[in-house]
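One file, target_26.txt, carrying compact mmCIF, C-alpha atoms and all ligand atoms:
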```txt
# COMPACT_ATOMS: atom_id res chain seq x y z
CA MET N 1 -33.04 22.84 0.27
CA ALA N 2 -30.47 20.64 1.93
CA VAL N 3 -31.77 17.73 -0.12
CA ALA N 4 -31.55 19.50 -3.48
CA GLY N 5 -28.06 20.76 -2.63
CA SER N 6 -26.73 17.41 -1.62
CA LEU N 7 -28.28 15.62 -4.58
CA ALA N 8 -26.49 17.98 -6.91
CA LEU N 9 -23.23 17.29 -5.08
CA LEU N 10 -23.94 13.62 -5.13
CA ALA N 11 -24.24 13.78 -8.88
CA THR N 12 -20.86 15.49 -9.09
CA ALA N 13 -19.30 12.97 -6.76
CA CYS N 14 -20.56 9.99 -8.75
CA GLY N 15 -18.33 8.45 -11.35
CA SER N 16 -15.27 10.02 -9.76
CA GLY N 17 -12.88 7.18 -10.30
CA ASP N 18 -12.13 5.13 -7.24
CA ASP N 19 -15.21 6.34 -5.41
CA GLY N 20 -17.50 4.28 -7.60
CA ASN N 21 -21.15 4.91 -6.96
CA SER N 22 -22.10 7.07 -4.06
CA SER N 23 -24.67 6.01 -1.57
CA SER N 24 -27.71 8.19 -1.11
CA GLY N 25 -28.58 6.84 2.32
CA GLY N 26 -28.06 8.32 5.72
CA SER N 27 -29.38 11.41 7.39
CA SER N 28 -27.63 14.73 7.09
CA ALA N 29 -29.45 16.65 9.82
CA GLY N 30 -28.17 15.38 13.11
CA SER N 31 -30.72 13.21 14.85
CA LEU N 32 -28.40 11.94 17.52
CA ASP N 33 -30.52 9.25 19.17
CA GLY N 34 -29.90 5.85 20.68
CA ARG N 35 -27.65 4.59 23.43
CA GLY N 36 -25.56 1.45 23.66
CA PRO N 37 -22.26 -0.01 22.44
CA ILE N 38 -20.41 1.77 19.66
CA THR N 39 -17.27 1.29 17.59
CA LEU N 40 -14.43 3.61 16.65
CA ALA N 41 -12.90 3.12 13.20
CA SER N 42 -9.38 4.48 13.27
CA GLY N 43 -6.17 4.14 11.29
CA LYS N 44 -3.48 2.08 13.00
CA ASP N 45 -2.65 3.78 16.28
CA THR N 46 1.04 4.58 15.89
CA SER N 47 0.92 6.64 19.10
CA GLY N 48 0.22 3.61 21.30
CA ASN N 49 -2.20 5.51 23.57
CA LEU N 50 -5.59 5.22 21.88
CA GLN N 51 -6.70 2.06 23.68
CA ASN N 52 -5.82 3.67 27.04
CA GLN N 53 -8.10 6.57 26.19
CA LEU N 54 -10.88 4.18 25.21
CA ASN N 55 -10.40 2.21 28.43
CA ALA N 56 -11.02 5.40 30.40
CA TRP N 57 -14.36 5.86 28.60
CA ASN N 58 -15.29 2.18 28.91
CA ALA N 59 -14.64 2.10 32.66
CA ALA N 60 -17.11 4.93 33.15
CA HIS N 61 -19.70 3.66 30.62
CA PRO N 62 -20.10 -0.10 31.02
CA ASN N 63 -23.31 -0.18 28.96
CA GLU N 64 -22.02 2.08 26.20
CA LYS N 65 -18.58 0.65 25.58
CA VAL N 66 -16.57 1.60 22.55
CA GLU N 67 -14.71 -1.05 20.57
CA LEU N 68 -11.73 -0.12 18.42
CA LYS N 69 -11.84 -1.18 14.77
CA GLU N 70 -8.27 -0.67 13.67
CA LEU N 71 -7.75 0.18 9.99
CA PRO N 72 -4.44 0.27 8.04
CA GLU N 73 -1.66 2.75 8.71
CA ASP N 74 -1.84 4.45 5.32
CA ALA N 75 -4.40 7.25 5.04
CA ASP N 76 -5.61 6.28 1.54
CA ALA N 77 -6.26 2.69 2.64
CA GLN N 78 -8.24 3.96 5.65
CA ARG N 79 -10.33 6.19 3.43
CA GLN N 80 -10.98 3.33 1.04
CA GLN N 81 -12.36 1.13 3.83
CA MET N 82 -14.51 3.91 5.23
CA VAL N 83 -15.89 4.73 1.78
CA GLN N 84 -16.74 1.07 1.12
CA ASN N 85 -18.39 0.79 4.49
CA ALA N 86 -20.50 3.87 3.81
CA GLN N 87 -21.44 2.72 0.32
CA ALA N 88 -22.68 -0.54 1.84
CA GLN N 89 -24.61 1.54 4.41
CA SER N 90 -23.10 -0.66 7.08
CA ASP N 91 -23.56 0.18 10.74
CA SER N 92 -20.32 -1.48 11.79
CA TYR N 93 -18.41 1.81 12.16
CA SER N 94 -20.09 4.27 14.53
CA VAL N 95 -17.45 6.96 15.01
CA LEU N 96 -14.95 7.60 12.23
CA VAL N 97 -11.48 9.00 12.85
CA MET N 98 -11.32 11.06 9.70
CA ASP N 99 -8.28 12.66 8.16
CA VAL N 100 -8.99 16.40 7.98
CA VAL N 101 -8.98 16.27 4.19
CA TRP N 102 -11.99 13.98 3.85
CA THR N 103 -14.74 16.12 5.43
CA SER N 104 -16.12 17.63 2.22
CA GLU N 105 -16.34 14.29 0.42
CA PHE N 106 -17.98 12.45 3.33
CA ALA N 107 -20.38 15.29 4.16
CA ALA N 108 -21.44 15.88 0.53
CA ASN N 109 -22.18 12.18 0.14
CA GLN N 110 -24.13 12.17 3.41
CA TRP N 111 -21.90 9.44 4.82
CA ILE N 112 -21.49 11.38 8.06
CA THR N 113 -24.07 13.06 10.25
CA GLN N 114 -24.31 16.80 10.59
CA ILE N 115 -23.60 17.76 14.20
CA PRO N 116 -25.59 20.62 15.74
CA GLU N 117 -23.05 23.07 17.19
CA ASP N 118 -24.85 23.20 20.54
CA LYS N 119 -24.03 19.51 21.04
CA VAL N 120 -20.30 20.26 21.15
CA PRO N 121 -19.25 22.92 23.60
CA ASP N 122 -16.09 25.01 23.32
CA LEU N 123 -15.43 25.16 19.57
CA GLY N 124 -14.28 28.75 20.17
CA LYS N 125 -11.47 27.44 22.35
CA LEU N 126 -9.96 25.28 19.63
CA LEU N 127 -7.39 26.47 17.09
CA PRO N 128 -9.59 28.11 14.41
CA ALA N 129 -7.89 26.26 11.52
CA THR N 130 -8.83 22.93 13.10
CA VAL N 131 -12.51 23.92 13.40
CA GLU N 132 -12.57 24.83 9.70
CA THR N 133 -11.47 21.29 8.82
CA ALA N 134 -14.57 19.89 10.52
CA LYS N 135 -17.01 22.00 8.48
CA TYR N 136 -18.59 21.62 5.09
CA ARG N 137 -20.52 24.56 3.66
CA ASP N 138 -20.39 26.23 7.09
CA LYS N 139 -22.03 23.30 8.85
CA LEU N 140 -20.29 21.12 11.41
CA TYR N 141 -19.82 17.46 10.46
CA ALA N 142 -17.06 16.43 12.83
CA VAL N 143 -15.18 17.45 15.96
CA PRO N 144 -11.44 18.30 15.82
CA MET N 145 -9.46 15.79 17.85
CA THR N 146 -5.81 16.09 16.89
CA SER N 147 -4.14 18.61 14.66
CA ASP N 148 -0.87 18.09 12.84
CA GLY N 149 1.88 20.30 11.49
CA GLY N 150 5.09 19.29 9.77
CA LEU N 151 8.28 19.70 11.81
CA LEU N 152 11.97 19.44 11.00
CA TYR N 153 13.63 16.95 13.32
CA TYR N 154 17.40 17.34 13.38
CA ARG N 155 20.39 15.76 15.08
CA ASN N 156 21.52 18.64 17.24
CA ASP N 157 24.35 16.51 18.65
CA LEU N 158 25.91 16.09 15.19
CA LEU N 159 25.18 19.66 14.10
CA ALA N 160 27.01 20.90 17.20
CA GLN N 161 29.97 18.59 16.52
CA ALA N 162 30.16 19.97 12.98
CA GLY N 163 30.09 23.54 14.29
CA VAL N 164 26.57 24.31 13.06
CA ASN N 165 24.86 26.18 15.85
CA GLN N 166 21.44 26.86 14.41
CA ALA N 167 18.71 24.88 12.76
CA PRO N 168 18.60 25.66 9.01
CA LYS N 169 15.89 28.02 7.81
CA THR N 170 16.29 27.30 4.11
CA TRP N 171 16.87 24.23 1.96
CA ASP N 172 20.33 25.53 1.01
CA GLU N 173 21.25 26.01 4.67
CA MET N 174 20.07 22.48 5.37
CA LYS N 175 22.22 21.03 2.61
CA ALA N 176 25.23 23.11 3.71
CA ALA N 177 24.80 21.75 7.25
CA CYS N 178 24.69 18.23 5.84
CA THR N 179 27.93 18.69 3.95
CA LYS N 180 29.62 19.50 7.26
CA VAL N 181 27.86 16.84 9.34
CA LEU N 182 28.31 14.04 6.83
CA ALA N 183 32.08 14.69 6.83
CA LEU N 184 32.19 13.63 10.52
CA PRO N 185 33.33 10.07 11.24
CA ALA N 186 30.27 9.77 13.53
CA ALA N 187 28.00 10.33 10.53
CA LYS N 188 29.33 7.46 8.45
CA GLY N 189 26.58 5.87 6.34
CA MET N 190 24.02 8.58 7.10
CA SER N 191 21.93 10.53 4.61
CA CYS N 192 20.97 14.17 4.79
CA TYR N 193 17.19 14.32 4.70
CA SER N 194 13.92 12.47 4.27
CA GLY N 195 10.23 13.08 4.34
CA GLN N 196 7.51 10.73 3.07
CA PHE N 197 7.67 9.90 -0.65
CA GLU N 198 5.79 6.62 -1.09
CA LYS N 199 2.80 7.06 -3.41
CA TYR N 200 0.04 7.82 -0.86
CA GLU N 201 -1.44 10.77 1.02
CA GLY N 202 1.88 11.59 2.65
CA LEU N 203 3.34 12.32 -0.79
CA THR N 204 0.55 14.83 -1.41
CA VAL N 205 1.60 16.45 1.86
CA ASN N 206 5.33 16.50 1.06
CA PHE N 207 4.77 17.73 -2.50
CA SER N 208 2.39 20.47 -1.30
CA GLU N 209 4.86 21.58 1.34
CA ALA N 210 7.68 21.81 -1.22
CA VAL N 211 5.48 23.83 -3.58
CA ASN N 212 4.15 26.11 -0.82
CA SER N 213 7.62 26.54 0.65
CA ALA N 214 8.88 27.79 -2.72
CA GLY N 215 6.09 30.39 -2.89
CA GLY N 216 3.75 28.32 -5.08
CA GLU N 217 0.25 26.98 -4.54
CA ILE N 218 -1.81 23.98 -5.60
CA VAL N 219 -5.14 25.76 -5.51
CA GLY N 220 -5.25 29.57 -5.47
CA LYS N 221 -7.26 31.82 -3.17
CA ASP N 222 -9.97 31.93 -5.83
CA GLY N 223 -10.38 28.16 -5.46
CA LYS N 224 -8.89 27.44 -8.88
CA PRO N 225 -5.94 25.08 -9.49
CA ASN N 226 -2.71 27.00 -10.05
CA VAL N 227 0.06 24.48 -10.08
CA ASN N 228 1.65 25.15 -13.47
CA THR N 229 3.87 27.99 -12.23
CA PRO N 230 7.62 28.65 -11.87
CA GLU N 231 7.23 28.59 -8.07
CA ALA N 232 5.57 25.16 -8.03
CA LYS N 233 8.24 23.94 -10.43
CA ALA N 234 10.97 25.19 -8.10
CA GLY N 235 9.39 23.24 -5.23
CA LEU N 236 9.05 20.01 -7.16
CA GLU N 237 12.52 20.35 -8.69
CA GLU N 238 14.05 20.68 -5.25
CA LEU N 239 12.73 17.23 -4.33
CA VAL N 240 13.66 15.75 -7.71
CA ASN N 241 17.23 17.09 -7.45
CA ASP N 242 17.57 16.01 -3.84
CA PHE N 243 16.78 12.45 -4.92
CA LYS N 244 19.21 12.71 -7.86
CA THR N 245 22.08 14.03 -5.76
CA GLY N 246 21.49 11.65 -2.85
CA VAL N 247 20.52 14.39 -0.37
CA ILE N 248 17.41 12.23 0.01
CA PRO N 249 18.32 8.52 0.09
CA LYS N 250 16.86 6.33 -2.68
CA ALA N 251 15.01 4.18 -0.15
CA ALA N 252 12.87 7.20 0.78
CA ILE N 253 10.68 6.59 -2.28
CA THR N 254 9.17 3.78 -0.16
CA TYR N 255 8.85 5.79 3.07
CA LYS N 256 5.59 6.62 4.77
CA GLU N 257 5.60 8.23 8.22
CA GLU N 258 6.66 5.12 10.07
CA GLU N 259 9.47 4.03 7.73
CA SER N 260 10.95 7.51 7.83
CA ARG N 261 10.60 7.67 11.61
CA ARG N 262 12.47 4.38 11.94
CA ALA N 263 15.25 5.57 9.64
CA PHE N 264 15.72 8.65 11.83
CA GLN N 265 15.51 6.64 15.06
CA ASP N 266 18.06 4.19 13.71
CA GLY N 267 20.48 7.06 13.19
CA LYS N 268 20.35 7.01 9.38
CA LEU N 269 19.22 10.60 8.81
CA VAL N 270 20.49 14.01 9.87
CA PHE N 271 17.16 15.72 9.11
CA LEU N 272 13.62 14.36 9.02
CA ARG N 273 10.35 15.99 8.08
CA ASN N 274 7.59 14.37 10.10
CA TRP N 275 4.60 15.06 12.36
CA PRO N 276 4.78 15.73 16.12
CA TYR N 277 3.93 12.14 17.17
CA VAL N 278 7.54 11.22 16.35
CA TYR N 279 8.86 13.39 19.19
CA ALA N 280 7.68 11.04 21.96
CA LEU N 281 8.65 7.84 20.15
CA ALA N 282 12.12 8.97 19.05
CA ASN N 283 12.86 10.06 22.61
CA LYS N 284 12.03 6.68 24.13
CA THR N 285 14.84 5.31 26.25
CA ASP N 286 13.73 1.66 26.10
CA GLY N 287 16.24 0.86 23.36
CA SER N 288 13.81 1.41 20.48
CA SER N 289 15.48 4.70 19.50
CA LYS N 290 19.16 5.39 18.99
CA VAL N 291 18.59 9.13 18.98
CA ALA N 292 16.80 9.74 22.30
CA GLY N 293 18.04 13.05 23.68
CA LYS N 294 20.11 13.68 20.55
CA PHE N 295 17.68 15.65 18.44
CA ALA N 296 15.72 18.87 18.42
CA VAL N 297 12.81 20.23 16.44
CA ALA N 298 12.53 23.32 14.24
CA PRO N 299 10.03 24.77 11.77
CA LEU N 300 10.26 23.38 8.23
CA PRO N 301 12.81 25.14 6.01
CA GLY N 302 11.82 26.75 2.71
CA LYS N 303 13.38 28.04 -0.49
CA THR N 304 14.33 31.50 0.72
CA GLY N 305 13.06 31.50 4.30
CA ALA N 306 10.71 29.61 6.60
CA GLY N 307 8.83 26.75 4.94
CA VAL N 308 5.10 26.08 4.95
CA SER N 309 3.50 22.96 6.39
CA SER N 310 0.37 21.25 5.11
CA LEU N 311 -2.33 21.24 7.73
CA GLY N 312 -2.85 17.70 8.98
CA GLY N 313 -4.88 16.14 11.74
CA HIS N 314 -7.93 14.08 12.50
CA ASP N 315 -11.55 14.82 13.34
CA TYR N 316 -14.14 12.48 14.82
CA ALA N 317 -17.35 12.11 12.79
CA ILE N 318 -20.47 10.00 13.27
CA SER N 319 -21.37 7.59 10.48
CA SER N 320 -24.84 8.28 9.07
CA PHE N 321 -25.53 4.56 9.27
CA ALA N 322 -24.53 4.13 12.91
CA LYS N 323 -26.73 3.02 15.76
CA ASN N 324 -26.47 4.68 19.19
CA LYS N 325 -25.60 8.15 17.99
CA ALA N 326 -26.40 9.72 21.39
CA THR N 327 -23.63 7.60 22.87
CA ALA N 328 -21.39 8.46 19.93
CA ILE N 329 -21.63 12.21 20.50
CA ASP N 330 -21.04 11.84 24.26
CA PHE N 331 -17.98 9.72 23.54
CA ILE N 332 -16.67 12.31 21.06
CA ASN N 333 -17.12 15.08 23.62
CA PHE N 334 -15.29 12.99 26.19
CA MET N 335 -12.35 12.40 23.86
CA ALA N 336 -12.29 16.04 22.72
CA SER N 337 -12.22 17.48 26.24
CA GLU N 338 -9.26 19.61 27.28
CA GLU N 339 -8.45 17.13 30.02
CA ARG N 340 -8.28 14.09 27.69
CA GLN N 341 -6.31 16.04 25.10
CA LYS N 342 -3.80 17.13 27.73
CA ALA N 343 -3.40 13.53 28.90
CA ASN N 344 -2.85 12.51 25.29
CA VAL N 345 -0.17 15.15 24.58
CA GLU N 346 1.71 14.06 27.67
CA LYS N 347 1.78 10.47 26.47
CA THR N 348 2.04 10.78 22.70
CA SER N 349 3.19 14.28 21.65
CA GLN N 350 0.32 14.39 19.16
CA ALA N 351 -0.86 17.92 18.40
CA PRO N 352 -3.84 19.01 20.52
CA THR N 353 -6.62 21.15 19.07
CA TRP N 354 -7.17 23.17 22.27
CA ALA N 355 -5.36 26.53 21.90
CA SER N 356 -4.78 26.73 25.68
CA LEU N 357 -2.58 23.63 25.71
CA TYR N 358 0.01 25.34 23.50
CA ASP N 359 0.35 28.12 26.09
CA ASP N 360 0.51 25.85 29.14
CA ALA N 361 3.84 26.69 30.81
CA GLY N 362 4.28 23.20 32.30
CA LEU N 363 3.69 21.46 28.98
CA ASN N 364 6.00 23.83 27.12
CA LYS N 365 8.80 23.10 29.54
CA GLN N 366 8.33 19.38 29.17
CA PHE N 367 7.72 19.48 25.41
CA PRO N 368 9.85 22.11 23.65
CA TYR N 369 8.37 21.09 20.30
CA LEU N 370 5.04 22.76 21.22
CA ALA N 371 6.14 26.28 20.24
CA PRO N 372 7.40 25.39 16.73
CA LEU N 373 4.36 23.15 16.34
CA LYS N 374 1.93 25.95 17.12
CA ALA N 375 3.73 28.14 14.56
CA SER N 376 3.67 25.30 12.03
CA ILE N 377 -0.09 24.79 12.43
CA GLN N 378 -0.89 28.51 12.40
CA ASN N 379 1.05 29.05 9.15
CA ALA N 380 -0.07 25.77 7.60
CA GLN N 381 -1.84 25.57 4.24
CA PRO N 382 -4.91 23.34 4.02
CA ARG N 383 -4.95 20.78 1.21
CA PRO N 384 -7.76 21.35 -1.34
CA ARG N 385 -11.16 21.28 0.38
CA VAL N 386 -13.07 19.50 -2.35
CA VAL N 387 -15.73 16.83 -2.67
CA LYS N 388 -13.61 14.82 -5.11
CA TYR N 389 -10.66 14.79 -2.76
CA GLY N 390 -9.89 11.13 -3.48
CA ASP N 391 -9.36 11.90 -7.16
CA VAL N 392 -7.52 15.15 -6.50
CA THR N 393 -4.99 13.55 -4.19
CA ALA N 394 -4.52 10.60 -6.58
CA ALA N 395 -3.66 13.07 -9.38
CA ILE N 396 -1.20 14.93 -7.16
CA GLN N 397 0.45 11.70 -6.03
CA GLN N 398 0.82 10.52 -9.61
CA ALA N 399 2.44 13.76 -10.78
CA ALA N 400 4.82 13.90 -7.84
CA TYR N 401 5.73 10.21 -7.96
CA ASP N 402 6.37 10.23 -11.70
CA SER N 403 8.71 13.19 -11.30
CA LEU N 404 10.58 11.77 -8.32
CA SER N 405 11.06 8.44 -10.00
CA GLY N 406 12.37 10.14 -13.16
CA LYS N 407 9.51 9.00 -15.38
CA THR N 408 8.26 12.50 -16.20
CA GLN N 409 9.97 15.89 -16.29
CA PRO N 410 8.62 18.26 -13.59
CA ASP N 411 7.41 20.75 -16.26
CA GLN N 412 5.32 18.14 -17.99
CA ALA N 413 4.06 16.63 -14.74
CA LEU N 414 2.86 20.01 -13.49
CA SER N 415 1.18 20.97 -16.73
CA ASP N 416 -0.64 17.60 -16.83
CA LEU N 417 -1.58 17.99 -13.19
CA GLN N 418 -3.01 21.45 -13.82
CA THR N 419 -5.24 20.05 -16.58
CA LYS N 420 -6.41 17.18 -14.37
CA LEU N 421 -7.13 19.39 -11.39
CA GLN N 422 -9.09 21.78 -13.59
CA SER N 423 -11.39 18.96 -14.60
CA LEU N 424 -11.80 17.77 -10.99
CA ILE N 425 -12.19 21.09 -9.24
CA THR N 426 -15.04 22.98 -10.82
CA GLN N 427 -16.54 25.80 -8.81
C1 LIG C 501 -1.00 12.51 9.17
C2 LIG C 501 -1.86 13.77 9.09
C3 LIG C 501 -2.88 13.63 8.00
C4 LIG C 501 -2.20 13.30 6.70
C5 LIG C 501 -1.38 12.03 6.83
C6 LIG C 501 -0.60 11.76 5.56
O1 LIG C 501 -1.73 11.45 9.67
O2 LIG C 501 -2.47 14.03 10.32
O3 LIG C 501 -3.64 14.81 7.87
O4 LIG C 501 -3.12 13.18 5.65
O5 LIG C 501 -0.48 12.15 7.91
O6 LIG C 501 0.09 10.58 5.64
```
Could you take the file, read its structure, and then write that structure out as structure tokens?
Amino acid sequence: MAVAGSLALLATACGSGDDGNSSSGGSSAGSLDGRGPITLASGKDTSGNLQNQLNAWNAAHPNEKVELKELPEDADAQRQQMVQNAQAQSDSYSVLVMDVVWTSEFAANQWITQIPEDKVPDLGKLLPATVETAKYRDKLYAVPMTSDGGLLYYRNDLLAQAGVNQAPKTWDEMKAACTKVLALPAAKGMSCYSGQFEKYEGLTVNFSEAVNSAGGEIVGKDGKPNVNTPEAKAGLEELVNDFKTGVIPKAAITYKEEESRRAFQDGKLVFLRNWPYVYALANKTDGSSKVAGKFAVAPLPGKTGAGVSSLGGHDYAISSFAKNKATAIDFINFMASEERQKANVEKTSQAPTWASLYDDAGLNKQFPYLAPLKASIQNAQPRPRVVKYGDVTAAIQQAAYDSLSGKTQPDQALSDLQTKLQSLITQ
């Protein structure tokens, strides 16, 4: 039954644009055998702590060492390399650090191994939304490692100087705060706001958040695309107008996470939408950040009230073509343990998946972003959970980018996007 099901999915996944032909190799039912050296394929480690974590494993497992295979920083480029590797049925990646949005595609194509739930203790102790990201058709294909929720970073020093005593809850409040802050001599040359608007996965995130935060949706509860609506238009138009009026600086059309983080750290932005990893880096006192101790974190603003984040994060999966899968699952359990996740939060401010860590009094005192982060993750909207995710996100990126760069009117872009998504997402 599993075979018939996955063959049907395979057929759907084939010919889906950039995916090319799908591989039919690999085993879907987890036979996790074999011990020895493994590799970890991961996007560029912007947190700076991954190798430390791997060293801890390697010190305790000299015959089963893990070697880091570092992939590009941009999520789409990482996916591309992992897809190519799977299509070649290569065993060079053992454990894959997968963006939460790729699970359906990789599982349906049998590129990753199904993991029996009794091999990974404590799923019940993780934030439920993170566990969902690791499943495909109710079966577990990965283990949640880090979550992610969008946060609004803001210069509380400048807001206070301008007499603004609260973080904005709406887009209008944010812009009103900027008008006051940007009038200060200390804010000379600064811009109001940025997120990530380069044409890549981060744009899908920022577009989705704008749409969701204006009361719209990309895919409805019935699983059908529903993006040609007044609410979605209001979300997209907010971004388009913010570019036009200079609320968002022009350069932001080239920003991914890191470029936007640097702009904020260099003191060029009053407000920044970014993930929690920025908290630790922007607070560094080694001279790399001009804003250490000068910013705070709040939930994302929305059109008429609190905004809605896209659910981000990463899960660890085992390549179907890997050797030494018994070592791979032990390594994953090691990395996913509460102890390792706590050590990682302390160093990197990445979002843990263990619910208990958000309620840890010591951590909350040290890291005041944990409370808004938990709220952000709990209210977050998942991006479409579809086998053709690569094509779906490419269509979203195109529509958003064309609108932001003034090539297409938002109305037209959304109606074209609706048509495209309808052809890609068939129930
Ligand atoms: C972060 C998120 C991930 C998202 C990516 C977009 O890495 O964790 O889910 O797709 O940013 O750039």
Fewer than 3 positions away in the same chain doesn't count, so skip those; otherwise give me all residues within 9 Å of N:Gly216, counting all atoms listed in the file, as JSON, numbers by chain.
{"N": [208, 210, 211, 212, 213, 226, 227, 229, 230, 231, 232, 233, 234, 235]}
One-decimal distance in Å that lies between atom CA of N:Lys188 and atom CA of N:Tyr369:
27.7 Å
Top pick for closest residue to ligand LIG 501 (chain C), considering N:Gln265, N:Asn241, N:Gln366, N:Gln397 and counting only C-alpha atoms and all ligand atoms:
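Under the stated criterion, the closest residue is N:Gln397.
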Exercise: stretch 66-82 of chain N partners within 10 Å, only C-alpha atoms, chain neighbours under 4 positions left out, as a VMD selection string
chain N and resid 18 to 19 36 to 46 50 to 51 54 to 55 57 to 58 61 to 62 86 to 88 90 92 to 99 102 106 111 199 to 202 256 to 258 319 327 to 328 331 390 393 to 394
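In this structure, atom C4 of ligand LIG 501 (chain C) sits 10.7 Å away from atom CA of N:Gln196.
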One-decimal distance in Å that lies between atom C1 of ligand LIG 501 (chain C) and atom CA of N:Leu311:
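Atom C1 of ligand LIG 501 (chain C) lies at a distance of 8.9 Å from atom CA of N:Leu311.
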How big is the axis-aligned box, and where does its centre sit, when it encloses all atoms of ligand LIG 501 (chain C) listed in the file and has 4 Å added on every side, reported in Å to one decimal as JSON?
```
{"center_x": -1.8, "center_y": 12.7, "center_z": 7.9, "size_x": 11.7, "size_y": 12.2, "size_z": 12.8}
```
Identify, on the basis of all atoms listed in the file, every residue whose closest approach to N:Ala107 does not exceed 8 Å; exclude the query and any residue fewer than 6 positions from it along the same chain; express the result as a PyMOL selection string.
chain N and resi 28+113-114+136+141
So, with all atoms listed in the file as the atoms that count, which of N:Gln53, N:Thr245, N:Gln409, N:Thr133 lies closest to ligand LIG 501 (chain C)?
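Smallest separation from ligand LIG 501 (chain C) among the options: N:Thr133.
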